[in-house]
>>> print(open('final13.tsv').read())   # TSV, C-alpha atoms
chain	number	residue	atom	x	y	z
A	12	MET	CA	-179.62	-88.31	104.22
A	13	GLU	CA	-178.23	-86.62	107.28
A	14	ASN	CA	-175.67	-89.39	107.80
A	15	GLN	CA	-174.52	-89.35	104.12
A	16	GLU	CA	-171.29	-87.48	103.19
A	17	ILE	CA	-172.12	-84.72	100.74
A	18	PHE	CA	-169.52	-83.42	98.22
A	19	SER	CA	-169.50	-80.09	96.51
A	20	VAL	CA	-169.15	-79.78	92.74
A	21	SER	CA	-165.68	-78.31	93.17
A	22	GLU	CA	-164.60	-81.24	95.31
A	23	ILE	CA	-165.86	-83.75	92.75
A	24	ASN	CA	-164.07	-81.95	89.91
A	25	ALA	CA	-160.88	-81.61	91.93
A	26	HIS	CA	-161.01	-85.31	92.82
A	27	LEU	CA	-161.55	-86.34	89.20
A	28	LYS	CA	-158.74	-84.04	88.10
A	29	ASN	CA	-156.40	-85.66	90.55
A	30	ILE	CA	-157.42	-89.15	89.38
A	31	ILE	CA	-156.89	-88.25	85.72
A	32	LYS	CA	-153.53	-86.60	86.26
A	33	SER	CA	-152.28	-89.31	88.56
A	34	ASN	CA	-153.38	-92.35	86.60
A	35	ILE	CA	-153.28	-91.43	82.95
A	36	PRO	CA	-149.75	-90.75	81.49
A	37	GLN	CA	-148.96	-88.53	78.51
A	38	LEU	CA	-150.38	-89.99	75.33
A	39	PHE	CA	-150.99	-89.51	71.61
A	40	VAL	CA	-154.52	-88.70	70.45
A	41	GLN	CA	-155.64	-88.69	66.83
A	42	GLY	CA	-158.69	-86.86	65.54
A	43	GLU	CA	-160.14	-84.23	63.25
A	44	LEU	CA	-159.74	-80.59	64.32
A	45	THR	CA	-162.94	-78.69	65.16
A	46	ASN	CA	-163.65	-75.26	66.64
A	47	CYS	CA	-159.98	-74.35	66.11
A	48	THR	CA	-159.28	-70.86	67.49
A	49	LEU	CA	-155.99	-69.02	68.03
A	50	HIS	CA	-156.69	-66.67	70.94
A	51	ARG	CA	-155.14	-63.19	71.09
A	52	SER	CA	-153.20	-64.44	74.10
A	53	GLY	CA	-151.41	-66.86	71.77
A	54	HIS	CA	-153.09	-69.98	73.19
A	55	LEU	CA	-154.66	-72.40	70.70
A	56	TYR	CA	-158.09	-73.81	71.61
A	57	PHE	CA	-159.51	-76.70	69.60
A	58	GLY	CA	-161.59	-79.85	69.61
A	59	LEU	CA	-160.78	-83.37	68.37
A	60	LYS	CA	-163.44	-85.67	67.01
A	61	ASP	CA	-163.91	-89.00	65.29
A	62	GLU	CA	-166.99	-90.86	64.10
A	63	LYS	CA	-168.37	-91.34	67.63
A	64	SER	CA	-166.88	-88.85	70.10
A	65	SER	CA	-165.18	-85.52	70.66
A	66	LEU	CA	-162.53	-84.18	73.03
A	67	LYS	CA	-161.63	-80.64	73.91
A	68	GLY	CA	-158.03	-79.50	73.82
A	69	VAL	CA	-155.70	-76.57	74.42
A	70	MET	CA	-152.14	-75.78	73.41
A	71	PHE	CA	-150.54	-72.96	75.34
A	72	LYS	CA	-148.71	-70.09	73.64
A	73	TYR	CA	-145.16	-71.46	73.98
A	74	TYR	CA	-145.95	-74.71	72.18
A	75	ALA	CA	-148.39	-73.12	69.71
A	76	SER	CA	-145.69	-70.73	68.51
A	77	MET	CA	-143.49	-73.68	67.48
A	78	LEU	CA	-146.02	-75.28	65.12
A	79	ASP	CA	-144.73	-75.62	61.54
A	80	PHE	CA	-148.23	-75.34	60.05
A	81	VAL	CA	-151.41	-73.34	60.61
A	82	PRO	CA	-154.07	-75.65	62.12
A	83	GLN	CA	-157.37	-75.55	60.23
A	84	ASN	CA	-160.76	-77.10	60.96
A	85	GLY	CA	-160.97	-80.45	59.22
A	86	ASP	CA	-157.25	-81.21	59.49
A	87	GLU	CA	-156.53	-84.76	60.64
A	88	VAL	CA	-153.92	-84.38	63.38
A	89	VAL	CA	-152.07	-86.32	66.06
A	90	CYS	CA	-151.65	-84.49	69.37
A	91	PHE	CA	-149.25	-85.42	72.15
A	92	GLY	CA	-149.99	-84.26	75.68
A	93	LYS	CA	-151.57	-84.97	79.04
A	94	LEU	CA	-155.21	-85.26	79.94
A	95	ASP	CA	-156.49	-82.73	82.44
A	96	LEU	CA	-159.79	-81.55	83.85
A	97	TYR	CA	-160.89	-77.97	83.80
A	98	GLU	CA	-162.52	-77.64	87.22
A	99	ALA	CA	-164.56	-74.53	86.45
A	100	SER	CA	-166.68	-76.33	83.86
A	101	GLY	CA	-166.04	-79.94	84.74
A	102	ASN	CA	-164.83	-80.69	81.23
A	103	TYR	CA	-161.74	-82.75	80.68
A	104	GLN	CA	-159.35	-81.95	77.85
A	105	ILE	CA	-155.97	-82.70	76.45
A	106	VAL	CA	-153.24	-80.16	77.13
A	107	ALA	CA	-151.12	-80.66	74.01
A	108	SER	CA	-147.38	-79.99	73.81
A	109	SER	CA	-147.11	-80.97	70.13
A	110	MET	CA	-149.35	-81.38	67.10
A	111	GLU	CA	-148.64	-82.88	63.71
A	112	LYS	CA	-150.79	-83.42	60.70
A	113	LYS	CA	-151.48	-87.08	60.18
A	114	GLY	CA	-149.26	-88.32	57.39
A	115	LEU	CA	-146.75	-85.44	57.59
A	116	GLY	CA	-144.14	-87.74	59.03
A	117	GLU	CA	-144.46	-90.02	56.03
A	118	LEU	CA	-144.36	-87.06	53.64
A	119	ASN	CA	-141.22	-85.71	55.29
A	120	LYS	CA	-139.63	-89.12	55.09
A	121	LYS	CA	-140.41	-89.38	51.36
A	122	PHE	CA	-139.14	-85.85	50.86
A	123	GLU	CA	-135.81	-86.54	52.58
A	124	ILE	CA	-135.28	-89.85	50.76
A	125	LEU	CA	-135.86	-88.26	47.34
A	126	LYS	CA	-133.78	-85.21	48.24
A	127	LYS	CA	-130.78	-87.35	49.24
A	128	LYS	CA	-131.14	-89.48	46.11
A	129	LEU	CA	-131.22	-86.56	43.69
A	130	GLU	CA	-128.55	-84.69	45.60
A	131	LYS	CA	-126.26	-87.72	45.35
A	132	GLU	CA	-126.87	-87.81	41.58
A	133	GLY	CA	-125.81	-84.16	41.34
A	134	LEU	CA	-129.13	-82.67	40.22
A	135	PHE	CA	-128.75	-79.83	42.72
A	136	GLU	CA	-125.19	-78.89	41.72
A	137	GLN	CA	-124.64	-75.21	40.86
A	138	ILE	CA	-122.60	-76.11	37.77
A	139	TYR	CA	-125.78	-77.39	36.09
A	140	LYS	CA	-127.78	-74.23	36.79
A	141	LYS	CA	-128.59	-72.29	33.63
A	142	ASN	CA	-128.13	-68.53	33.55
A	143	ILE	CA	-131.29	-66.46	33.82
A	144	PRO	CA	-131.53	-64.15	30.77
A	145	GLU	CA	-131.06	-60.52	31.71
A	146	TYR	CA	-133.75	-59.14	29.38
A	147	PRO	CA	-136.24	-61.91	28.51
A	148	LYS	CA	-138.70	-61.10	25.73
A	149	LYS	CA	-140.98	-64.12	26.19
A	150	ILE	CA	-141.82	-65.66	29.58
A	151	GLY	CA	-143.83	-68.84	30.01
A	152	ILE	CA	-145.78	-69.38	33.24
A	153	VAL	CA	-146.77	-72.83	34.45
A	154	THR	CA	-149.33	-72.47	37.22
A	155	SER	CA	-153.06	-72.50	37.94
A	156	ALA	CA	-155.20	-70.21	35.82
A	157	THR	CA	-157.50	-69.41	38.74
A	158	GLY	CA	-155.09	-68.96	41.64
A	159	ALA	CA	-153.68	-65.73	43.03
A	160	ALA	CA	-150.19	-66.69	41.83
A	161	ILE	CA	-150.84	-65.92	38.14
A	162	GLN	CA	-152.29	-62.52	38.97
A	163	ASP	CA	-149.34	-61.67	41.22
A	164	ILE	CA	-146.86	-62.75	38.56
A	165	ARG	CA	-148.63	-60.81	35.79
A	166	ASN	CA	-148.87	-57.67	37.93
A	167	VAL	CA	-145.19	-57.73	38.80
A	168	LEU	CA	-144.01	-58.48	35.25
A	169	THR	CA	-146.25	-55.79	33.73
A	170	ARG	CA	-145.09	-53.22	36.25
A	171	ARG	CA	-141.38	-54.00	36.08
A	172	PHE	CA	-140.54	-54.80	32.46
A	173	PRO	CA	-142.33	-54.99	29.08
A	174	CYS	CA	-142.34	-58.61	27.88
A	175	GLU	CA	-144.68	-61.20	26.37
A	176	ILE	CA	-146.38	-63.43	28.97
A	177	TYR	CA	-147.77	-66.88	28.12
A	178	LEU	CA	-149.73	-69.02	30.59
A	179	TYR	CA	-150.01	-72.80	30.45
A	180	PRO	CA	-152.74	-73.59	33.04
A	181	VAL	CA	-152.00	-76.65	35.18
A	182	LEU	CA	-153.09	-78.40	38.34
A	183	VAL	CA	-150.95	-77.36	41.31
A	184	GLN	CA	-152.39	-79.71	43.92
A	185	GLY	CA	-153.26	-83.38	44.10
A	186	GLU	CA	-152.07	-86.64	42.57
A	187	LYS	CA	-152.44	-85.49	38.96
A	188	ALA	CA	-150.63	-82.18	39.51
A	189	PRO	CA	-147.04	-83.42	38.74
A	190	GLU	CA	-148.13	-84.83	35.38
A	191	SER	CA	-149.97	-81.59	34.56
A	192	ILE	CA	-146.95	-79.42	35.49
A	193	ILE	CA	-144.63	-81.65	33.44
A	194	SER	CA	-146.93	-81.23	30.43
A	195	GLY	CA	-146.71	-77.44	30.79
A	196	ILE	CA	-142.90	-77.46	30.87
A	197	GLN	CA	-142.71	-79.82	27.87
A	198	TYR	CA	-145.14	-77.64	25.90
A	199	PHE	CA	-142.85	-74.62	26.18
A	200	GLU	CA	-139.79	-76.79	25.55
A	201	GLU	CA	-141.10	-78.49	22.42
A	202	LYS	CA	-143.92	-76.44	20.89
A	203	TYR	CA	-143.65	-72.84	21.99
A	204	PRO	CA	-140.10	-71.82	22.95
A	205	VAL	CA	-139.73	-68.95	25.40
A	206	ASP	CA	-136.72	-67.25	27.02
A	207	LEU	CA	-137.66	-68.16	30.57
A	208	LEU	CA	-140.13	-70.29	32.55
A	209	ILE	CA	-141.75	-69.56	35.91
A	210	VAL	CA	-143.19	-72.61	37.71
A	211	GLY	CA	-145.11	-72.09	40.93
A	212	ARG	CA	-148.18	-71.61	43.05
A	213	GLY	CA	-149.29	-69.69	46.13
A	214	GLY	CA	-149.07	-70.84	49.73
A	215	GLY	CA	-150.63	-73.98	51.14
A	216	SER	CA	-150.12	-76.89	53.50
A	217	GLN	CA	-147.32	-79.38	53.10
A	218	GLU	CA	-149.76	-81.82	51.51
A	219	ASP	CA	-150.90	-79.10	49.08
A	220	LEU	CA	-147.33	-78.40	47.98
A	221	PHE	CA	-146.18	-82.02	47.93
A	222	CYS	CA	-146.92	-82.38	44.21
A	223	PHE	CA	-143.76	-80.31	43.62
A	224	ASN	CA	-141.74	-83.07	45.31
A	225	SER	CA	-142.27	-85.43	42.36
A	226	GLU	CA	-139.13	-87.19	41.11
A	227	GLU	CA	-140.37	-87.13	37.53
A	228	LEU	CA	-141.06	-83.39	37.77
A	229	ALA	CA	-137.60	-82.80	39.24
A	230	ARG	CA	-135.93	-84.67	36.38
A	231	THR	CA	-138.04	-82.75	33.82
A	232	ILE	CA	-136.94	-79.43	35.31
A	233	PHE	CA	-133.30	-80.57	35.37
A	234	ALA	CA	-133.40	-81.72	31.71
A	235	ALA	CA	-135.14	-78.56	30.43
A	236	LYS	CA	-133.12	-76.37	28.09
A	237	THR	CA	-135.12	-73.30	29.09
A	238	PRO	CA	-134.02	-71.60	32.35
A	239	ILE	CA	-136.62	-72.20	35.09
A	240	ILE	CA	-137.43	-70.11	38.16
A	241	THR	CA	-139.63	-71.67	40.85
A	242	GLY	CA	-141.86	-69.65	43.16
A	243	ILE	CA	-143.73	-72.13	45.33
A	244	GLY	CA	-145.62	-71.33	48.51
A	245	HIS	CA	-144.06	-69.00	51.05
A	246	GLU	CA	-140.50	-68.19	52.06
A	247	ILE	CA	-140.33	-71.09	54.56
A	248	ASP	CA	-141.55	-73.65	52.02
A	249	TYR	CA	-138.95	-75.72	50.15
A	250	THR	CA	-139.70	-78.41	47.59
A	251	ILE	CA	-137.59	-80.72	45.45
A	252	ALA	CA	-138.53	-78.57	42.46
A	253	ASP	CA	-136.89	-75.58	44.20
A	254	PHE	CA	-133.62	-77.47	44.69
A	255	VAL	CA	-133.37	-78.63	41.07
A	256	ALA	CA	-134.57	-75.38	39.46
A	257	ASP	CA	-132.07	-72.88	38.02
A	258	LEU	CA	-133.26	-70.25	40.50
A	259	ARG	CA	-135.55	-70.50	43.52
A	260	ALA	CA	-137.77	-67.62	44.64
A	261	PRO	CA	-139.63	-67.60	47.98
A	262	THR	CA	-142.98	-66.64	46.41
A	263	PRO	CA	-144.56	-66.32	42.93
A	264	SER	CA	-144.27	-62.52	43.13
A	265	ALA	CA	-140.59	-62.81	44.03
A	266	ALA	CA	-140.10	-65.18	41.08
A	267	ALA	CA	-141.50	-62.51	38.75
A	268	GLU	CA	-139.17	-59.92	40.28
A	269	LEU	CA	-136.17	-62.19	39.72
A	270	ALA	CA	-137.27	-62.93	36.16
A	271	VAL	CA	-137.07	-59.38	34.82
A	272	PRO	CA	-135.21	-56.17	35.62
A	273	ASP	CA	-136.93	-53.08	36.96
A	274	LYS	CA	-137.54	-50.75	34.01
A	275	ALA	CA	-137.50	-47.70	36.31
A	276	LYS	CA	-134.01	-48.60	37.49
A	277	LEU	CA	-132.98	-49.36	33.91
A	278	VAL	CA	-134.16	-45.91	32.81
A	279	GLU	CA	-132.24	-44.40	35.72
A	280	LYS	CA	-129.11	-46.33	34.71
A	281	LEU	CA	-129.56	-45.28	31.09
A	282	MET	CA	-129.88	-41.63	32.12
A	283	ASP	CA	-126.73	-41.94	34.26
A	284	ALA	CA	-124.97	-43.64	31.35
A	285	LYS	CA	-126.17	-40.90	28.99
A	286	SER	CA	-124.84	-38.20	31.31
A	287	LEU	CA	-121.54	-40.02	31.64
A	288	ILE	CA	-121.28	-40.50	27.86
A	289	THR	CA	-122.09	-36.81	27.34
A	290	LEU	CA	-119.43	-35.73	29.82
A	291	ASN	CA	-116.86	-38.10	28.34
A	292	SER	CA	-117.77	-37.00	24.81
A	293	GLN	CA	-117.41	-33.33	25.73
A	294	ALA	CA	-114.08	-34.04	27.38
A	295	LYS	CA	-112.94	-35.99	24.31
A	296	ILE	CA	-114.09	-33.22	21.98
A	297	THR	CA	-112.26	-30.60	24.05
A	298	ASP	CA	-109.14	-32.77	24.07
A	299	PHE	CA	-109.34	-33.29	20.30
A	300	LYS	CA	-109.82	-29.55	19.75
A	301	LEU	CA	-106.69	-28.84	21.78
A	302	LYS	CA	-104.76	-31.47	19.82
A	303	ILE	CA	-106.01	-30.05	16.50
A	304	HIS	CA	-105.04	-26.55	17.64
A	305	ARG	CA	-101.55	-27.76	18.56
A	306	LEU	CA	-101.26	-29.59	15.23
A	307	GLN	CA	-102.36	-26.47	13.39
A	308	GLN	CA	-99.72	-24.50	15.24
A	309	ASN	CA	-97.11	-27.13	14.43
A	310	LEU	CA	-98.29	-27.21	10.81
A	311	ALA	CA	-98.04	-23.46	10.62
A	312	THR	CA	-94.57	-23.59	12.17
A	313	TYR	CA	-93.15	-26.41	10.06
A	314	SER	CA	-95.13	-25.87	6.84
A	315	PRO	CA	-92.96	-25.20	3.70
A	316	TYR	CA	-95.30	-22.35	2.87
A	317	ALA	CA	-94.61	-20.85	6.27
A	318	LYS	CA	-90.88	-21.34	5.72
A	319	LEU	CA	-91.13	-19.73	2.28
A	320	GLU	CA	-93.06	-16.82	3.75
A	321	ASN	CA	-90.45	-16.53	6.45
A	322	LEU	CA	-87.63	-16.60	3.89
A	323	LYS	CA	-89.51	-14.11	1.74
A	324	THR	CA	-89.83	-11.80	4.71
A	325	LYS	CA	-86.14	-12.23	5.50
A	326	ILE	CA	-85.23	-11.52	1.85
A	327	GLU	CA	-87.42	-8.44	1.76
A	328	THR	CA	-85.92	-7.29	5.03
A	329	SER	CA	-82.41	-7.95	3.68
A	330	GLN	CA	-83.23	-6.07	0.49
A	331	LEU	CA	-84.45	-3.13	2.48
A	332	MET	CA	-81.36	-3.25	4.65
A	333	MET	CA	-79.11	-3.56	1.57
A	334	LYS	CA	-80.88	-0.61	-0.08
A	335	HIS	CA	-80.50	1.36	3.10
A	336	LEU	CA	-76.84	0.39	3.45
A	337	LEU	CA	-76.20	1.09	-0.25
A	338	ALA	CA	-77.93	4.42	-0.04
A	339	THR	CA	-75.95	5.22	3.09
A	340	LYS	CA	-72.72	4.10	1.41
A	341	ILE	CA	-73.45	6.11	-1.73
A	342	SER	CA	-74.28	9.13	0.37
A	343	GLN	CA	-71.09	8.70	2.36
A	344	ASN	CA	-68.98	8.17	-0.77
A	345	THR	CA	-70.68	11.08	-2.50
A	346	GLN	CA	-69.81	13.25	0.42
A	347	LYS	CA	-66.25	11.95	0.37
A	348	ILE	CA	-66.03	12.65	-3.35
A	349	LYS	CA	-67.34	16.13	-2.82
A	350	VAL	CA	-64.77	16.69	-0.12
A	351	ALA	CA	-62.05	15.24	-2.35
A	352	ILE	CA	-63.19	17.38	-5.28
A	353	SER	CA	-63.14	20.39	-3.05
A	354	LYS	CA	-59.63	19.52	-1.95
A	355	LEU	CA	-58.59	18.82	-5.51
A	356	GLU	CA	-60.04	22.06	-6.64
A	357	GLU	CA	-58.10	23.82	-3.93
A	358	LEU	CA	-54.90	22.01	-5.01
A	359	SER	CA	-55.65	22.18	-8.73
A	360	PRO	CA	-53.12	24.14	-10.82
A	361	LEU	CA	-56.09	25.75	-12.49
A	362	LYS	CA	-56.70	27.60	-9.29
A	363	THR	CA	-53.11	28.91	-9.64
A	364	LEU	CA	-53.95	30.09	-13.12
A	365	ASP	CA	-56.61	32.28	-11.62
A	366	ARG	CA	-53.87	34.07	-9.79
A	367	GLY	CA	-51.98	34.90	-13.07
A	368	TYR	CA	-49.75	31.89	-13.33
A	369	ALA	CA	-49.39	29.66	-16.42
A	370	ILE	CA	-48.54	26.04	-17.00
A	371	ILE	CA	-46.02	25.05	-19.63
A	372	ARG	CA	-46.34	21.66	-21.17
A	373	GLN	CA	-44.52	19.93	-23.96
A	374	GLU	CA	-45.76	16.73	-25.43
A	375	GLN	CA	-48.36	16.38	-22.63
A	376	LYS	CA	-45.68	16.68	-19.97
A	377	THR	CA	-45.46	19.56	-17.56
A	378	ILE	CA	-42.19	21.50	-17.86
A	379	ARG	CA	-40.79	22.40	-14.48
A	380	THR	CA	-37.21	23.33	-15.55
A	381	THR	CA	-35.57	24.67	-18.69
A	382	LYS	CA	-33.59	21.54	-18.95
A	383	GLN	CA	-36.74	19.66	-19.79
A	384	ILE	CA	-37.43	21.86	-22.85
A	385	ASN	CA	-36.84	20.40	-26.24
A	386	THR	CA	-36.24	23.37	-28.43
A	387	ASN	CA	-37.27	21.48	-31.46
A	388	LYS	CA	-40.73	20.94	-30.11
A	389	PRO	CA	-43.45	23.50	-29.57
A	390	LEU	CA	-44.41	24.53	-26.03
A	391	GLU	CA	-47.97	24.66	-24.77
A	392	ILE	CA	-48.68	27.53	-22.43
A	393	ILE	CA	-51.86	27.03	-20.46
A	394	LEU	CA	-53.52	30.17	-19.10
A	395	LYS	CA	-56.73	30.72	-17.23
A	396	ASP	CA	-58.82	31.28	-20.27
A	397	GLY	CA	-57.04	29.00	-22.73
A	398	SER	CA	-53.80	27.71	-24.16
A	399	ILE	CA	-51.26	29.08	-26.66
A	400	TYR	CA	-48.42	27.30	-28.47
A	401	LEU	CA	-44.89	28.67	-29.03
A	402	ASP	CA	-42.48	27.39	-31.61
A	403	ILE	CA	-39.16	27.78	-29.81
A	404	LYS	CA	-37.16	26.93	-32.84
A	405	ALA	CA	-38.86	29.64	-34.92
A	406	ILE	CA	-38.40	32.14	-32.17
A	407	ASN	CA	-34.74	31.29	-31.87
A	408	GLU	CA	-34.29	31.57	-35.62
A	409	LEU	CA	-36.09	34.87	-35.61
A	410	LYS	CA	-34.02	35.98	-32.71
A	411	ASN	CA	-30.76	35.00	-34.45
A	412	SER	CA	-31.74	36.66	-37.72
>>> encode(input="final13.tsv", output="structure tokens")
Amino acid sequence: MENQEIFSVSEINAHLKNIIKSNIPQLFVQGELTNCTLHRSGHLYFGLKDEKSSLKGVMFKYYASMLDFVPQNGDEVVCFGKLDLYEASGNYQIVASSMEKKGLGELNKKFEILKKKLEKEGLFEQIYKKNIPEYPKKIGIVTSATGAAIQDIRNVLTRRFPCEIYLYPVLVQGEKAPESIISGIQYFEEKYPVDLLIVGRGGGSQEDLFCFNSEELARTIFAAKTPIITGIGHEIDYTIADFVADLRAPTPSAAAELAVPDKAKLVEKLMDAKSLITLNSQAKITDFKLKIHRLQQNLATYSPYAKLENLKTKIETSQLMMKHLLATKISQNTQKIKVAISKLEELSPLKTLDRGYAIIRQEQKTIRTTKQINTNKPLEIILKDGSIYLDIKAINELKNS
């Protein structure tokens, strides 16, 4: 015993670690995940098992953050990495740099082949997308009756916009799911028409969602006359159904939001529109009132009644002026006549009679000289208080006798 070389546990583990790392290259290992734990440090700890054995494994934070799925106990996976020995416990493990679900490569290959085929046929072209109705009254939902998706869709639709909701329960996972979903779409197409269809389900693994990559389902969605919105899985999940649908939403809840408007925003828009209409109406009314006022003024100005009233006023004014002028003229003429009468009276021979003179007339003619006297005719002698007539011939005869 004294001559035997004795090794410590650490030395044995270190030696085995060196042998493993030096002699076993990086490799692929397939198995079922067990004891899968994502540590708060970001490292993923797990176990792999088959019918006979198990193997511990670890995937450090950098590589774990690049996984395109969430590892779950029971998943059949293929890990790529290098075997190592953890000296503290003496357990060997695989330090994985990648992990894929078994069969995902085949699923991706099928997905890409079908996608290219349908894309080449034009099933994804925007020109074939039907318009989503702005205010749908009836919405058909094709999804599972027991999943969270239907509750999310109902909650969103009820909250956002009043409409009738009809559910056609279908399988959303497994081999029979495409046929079930197709039946739901055809039911609403042929037996119970609606304004809009929502097809979808909640999140899941790629295998869970692969039923939405059915070619027959894609062609059914493309041929449907009813607009279809898909809401399948999460935002990072894309299926063939999403590409061929009229509108793709990242989740079932988002599909419901895209399907209907927000009634609160509609009410707000209506109130804004009402205010705008009221302002415009008031402005129009004010404008019309001003126009009516101007027309009334023009009517009053150019109306024949107004012209007649104006002429009447002018005539009345002219009459008053004529009366005034006539009265003035009469007054002036009266005054002139009075002055003339006064002058005539002063020049009148009757005034001379007052002073003792007489006027001699013969045959209505005033006699100014004796030569004018016809002795055969009587003379009229006009005095102040009357006239007397003299027969000149009789006087002469009397004078001669």
>>> residues_near_point(input="final13.tsv", point="(-139.1, -71.0, 36.5)", cutoff="7 Å", atoms="all atoms listed in the file", output="tab-separated table (two decimals) with C-alpha atoms, in the frame of the given file")
chain	number	residue	atom	x	y	z
A	207	LEU	CA	-137.66	-68.16	30.57
A	208	LEU	CA	-140.13	-70.29	32.55
A	209	ILE	CA	-141.75	-69.56	35.91
A	210	VAL	CA	-143.19	-72.61	37.71
A	238	PRO	CA	-134.02	-71.60	32.35
A	239	ILE	CA	-136.62	-72.20	35.09
A	240	ILE	CA	-137.43	-70.11	38.16
A	241	THR	CA	-139.63	-71.67	40.85
A	256	ALA	CA	-134.57	-75.38	39.46
>>> atom_distance(input="final13.tsv", atom1="atom CA of A:Glu268", atom2="atom CA of A:Ile150")
12.4 Å
>>> atom_distance(input="final13.tsv", atom1="atom CA of A:Lys236", atom2="atom CA of A:Gly215")
29.0 Å
>>> closest_residue(input="final13.tsv", among="A:Gly85, A:Met77, A:Gly242, A:Glu175", to="A:Ala160", atoms="all atoms listed in the file")
A:Gly242
>>> closest_residue(input="final13.tsv", among="A:Gln343, A:Leu301, A:Thr250, A:Lys395", to="A:Lys362", atoms="only C-alpha atoms")
A:Lys395
>>> atom_distance(input="final13.tsv", atom1="atom CA of A:Thr324", atom2="atom CA of A:Ala311")
15.4 Å
>>> closest_residue(input="final13.tsv", among="A:Cys47, A:Cys174, A:Ala275, A:Ile384", to="A:Ile403", atoms="only C-alpha atoms")
A:Ile384
>>> residues_around(input="final13.tsv", residues="A:Ile105", least_positions_apart="2", cutoff="7 Å", atoms="all atoms listed in the file", output="list in words")
Lys67, Gly68, Val69, Gly92, Lys93, Leu94, Asp95 and Ala107 of chain A
>>> residues_near_point(input="final13.tsv", point="(-148.3, -70.5, 40.2)", cutoff="10 Å", atoms="only C-alpha atoms", output="CSV table (one decimal) with C-alpha atoms, in the frame of the given file")
chain,number,residue,atom,x,y,z
A,152,ILE,CA,-145.8,-69.4,33.2
A,153,VAL,CA,-146.8,-72.8,34.4
A,154,THR,CA,-149.3,-72.5,37.2
A,155,SER,CA,-153.1,-72.5,37.9
A,156,ALA,CA,-155.2,-70.2,35.8
A,157,THR,CA,-157.5,-69.4,38.7
A,158,GLY,CA,-155.1,-69.0,41.6
A,159,ALA,CA,-153.7,-65.7,43.0
A,160,ALA,CA,-150.2,-66.7,41.8
A,161,ILE,CA,-150.8,-65.9,38.1
A,162,GLN,CA,-152.3,-62.5,39.0
A,163,ASP,CA,-149.3,-61.7,41.2
A,164,ILE,CA,-146.9,-62.8,38.6
A,178,LEU,CA,-149.7,-69.0,30.6
A,180,PRO,CA,-152.7,-73.6,33.0
A,181,VAL,CA,-152.0,-76.6,35.2
A,182,LEU,CA,-153.1,-78.4,38.3
A,183,VAL,CA,-151.0,-77.4,41.3
A,209,ILE,CA,-141.8,-69.6,35.9
A,210,VAL,CA,-143.2,-72.6,37.7
A,211,GLY,CA,-145.1,-72.1,40.9
A,212,ARG,CA,-148.2,-71.6,43.0
A,213,GLY,CA,-149.3,-69.7,46.1
A,214,GLY,CA,-149.1,-70.8,49.7
A,241,THR,CA,-139.6,-71.7,40.8
A,242,GLY,CA,-141.9,-69.6,43.2
A,243,ILE,CA,-143.7,-72.1,45.3
A,244,GLY,CA,-145.6,-71.3,48.5
A,262,THR,CA,-143.0,-66.6,46.4
A,263,PRO,CA,-144.6,-66.3,42.9
A,264,SER,CA,-144.3,-62.5,43.1
A,266,ALA,CA,-140.1,-65.2,41.1
>>> axis_aligned_box(input="final13.tsv", around="stretch 325-334 of chain A", padding_each_side="3 Å", output="JSON")
{"center_x": -83.3, "center_y": -6.4, "center_z": 2.7, "size_x": 14.3, "size_y": 17.6, "size_z": 11.6}
>>> residues_around(input="final13.tsv", residues="A:Phe57", least_positions_apart="6", cutoff="12 Å", atoms="only C-alpha atoms", output="list of chain:residue names")
A:Gly42, A:Glu43, A:Leu44, A:Thr45, A:Asn46, A:Cys47, A:Thr48, A:Leu49, A:His50, A:Ser65, A:Leu66, A:Lys67, A:Gly68, A:Val69, A:Met70, A:Phe71, A:Ala75, A:Pro82, A:Gln83, A:Asn84, A:Gly85, A:Asp86, A:Val88, A:Cys90, A:Gln104, A:Ile105, A:Val106, A:Ala107, A:Met110
>>> write_last_selection(input="final13.tsv", atoms="C-alpha atoms", output="compact mmCIF listing (two decimals), in the coordinates of the input")
# COMPACT_ATOMS: atom_id res chain seq x y z
CA GLY A 42 -158.69 -86.86 65.54
CA GLU A 43 -160.14 -84.23 63.25
CA LEU A 44 -159.74 -80.59 64.32
CA THR A 45 -162.94 -78.69 65.16
CA ASN A 46 -163.65 -75.26 66.64
CA CYS A 47 -159.98 -74.35 66.11
CA THR A 48 -159.28 -70.86 67.49
CA LEU A 49 -155.99 -69.02 68.03
CA HIS A 50 -156.69 -66.67 70.94
CA SER A 65 -165.18 -85.52 70.66
CA LEU A 66 -162.53 -84.18 73.03
CA LYS A 67 -161.63 -80.64 73.91
CA GLY A 68 -158.03 -79.50 73.82
CA VAL A 69 -155.70 -76.57 74.42
CA MET A 70 -152.14 -75.78 73.41
CA PHE A 71 -150.54 -72.96 75.34
CA ALA A 75 -148.39 -73.12 69.71
CA PRO A 82 -154.07 -75.65 62.12
CA GLN A 83 -157.37 -75.55 60.23
CA ASN A 84 -160.76 -77.10 60.96
CA GLY A 85 -160.97 -80.45 59.22
CA ASP A 86 -157.25 -81.21 59.49
CA VAL A 88 -153.92 -84.38 63.38
CA CYS A 90 -151.65 -84.49 69.37
CA GLN A 104 -159.35 -81.95 77.85
CA ILE A 105 -155.97 -82.70 76.45
CA VAL A 106 -153.24 -80.16 77.13
CA ALA A 107 -151.12 -80.66 74.01
CA MET A 110 -149.35 -81.38 67.10
>>> residues_around(input="final13.tsv", residues="A:Glu22", least_positions_apart="6", cutoff="12 Å", atoms="only C-alpha atoms", output="ChimeraX atom specification")
/A:28-29,98-99,101
>>> residues_around(input="final13.tsv", residues="A:Gly367", least_positions_apart="3", cutoff="9 Å", atoms="all atoms listed in the file", output="short mmCIF file (atom, residue, chain, number, x, y, z; two decimals) with C-alpha atoms, keeping the file's coordinate frame")
data_model
loop_
_atom_site.label_atom_id
_atom_site.label_comp_id
_atom_site.auth_asym_id
_atom_site.auth_seq_id
_atom_site.Cartn_x
_atom_site.Cartn_y
_atom_site.Cartn_z
CA THR A 363 -53.11 28.91 -9.64
CA LEU A 364 -53.95 30.09 -13.12
CA LEU A 394 -53.52 30.17 -19.10
CA LYS A 395 -56.73 30.72 -17.23
#
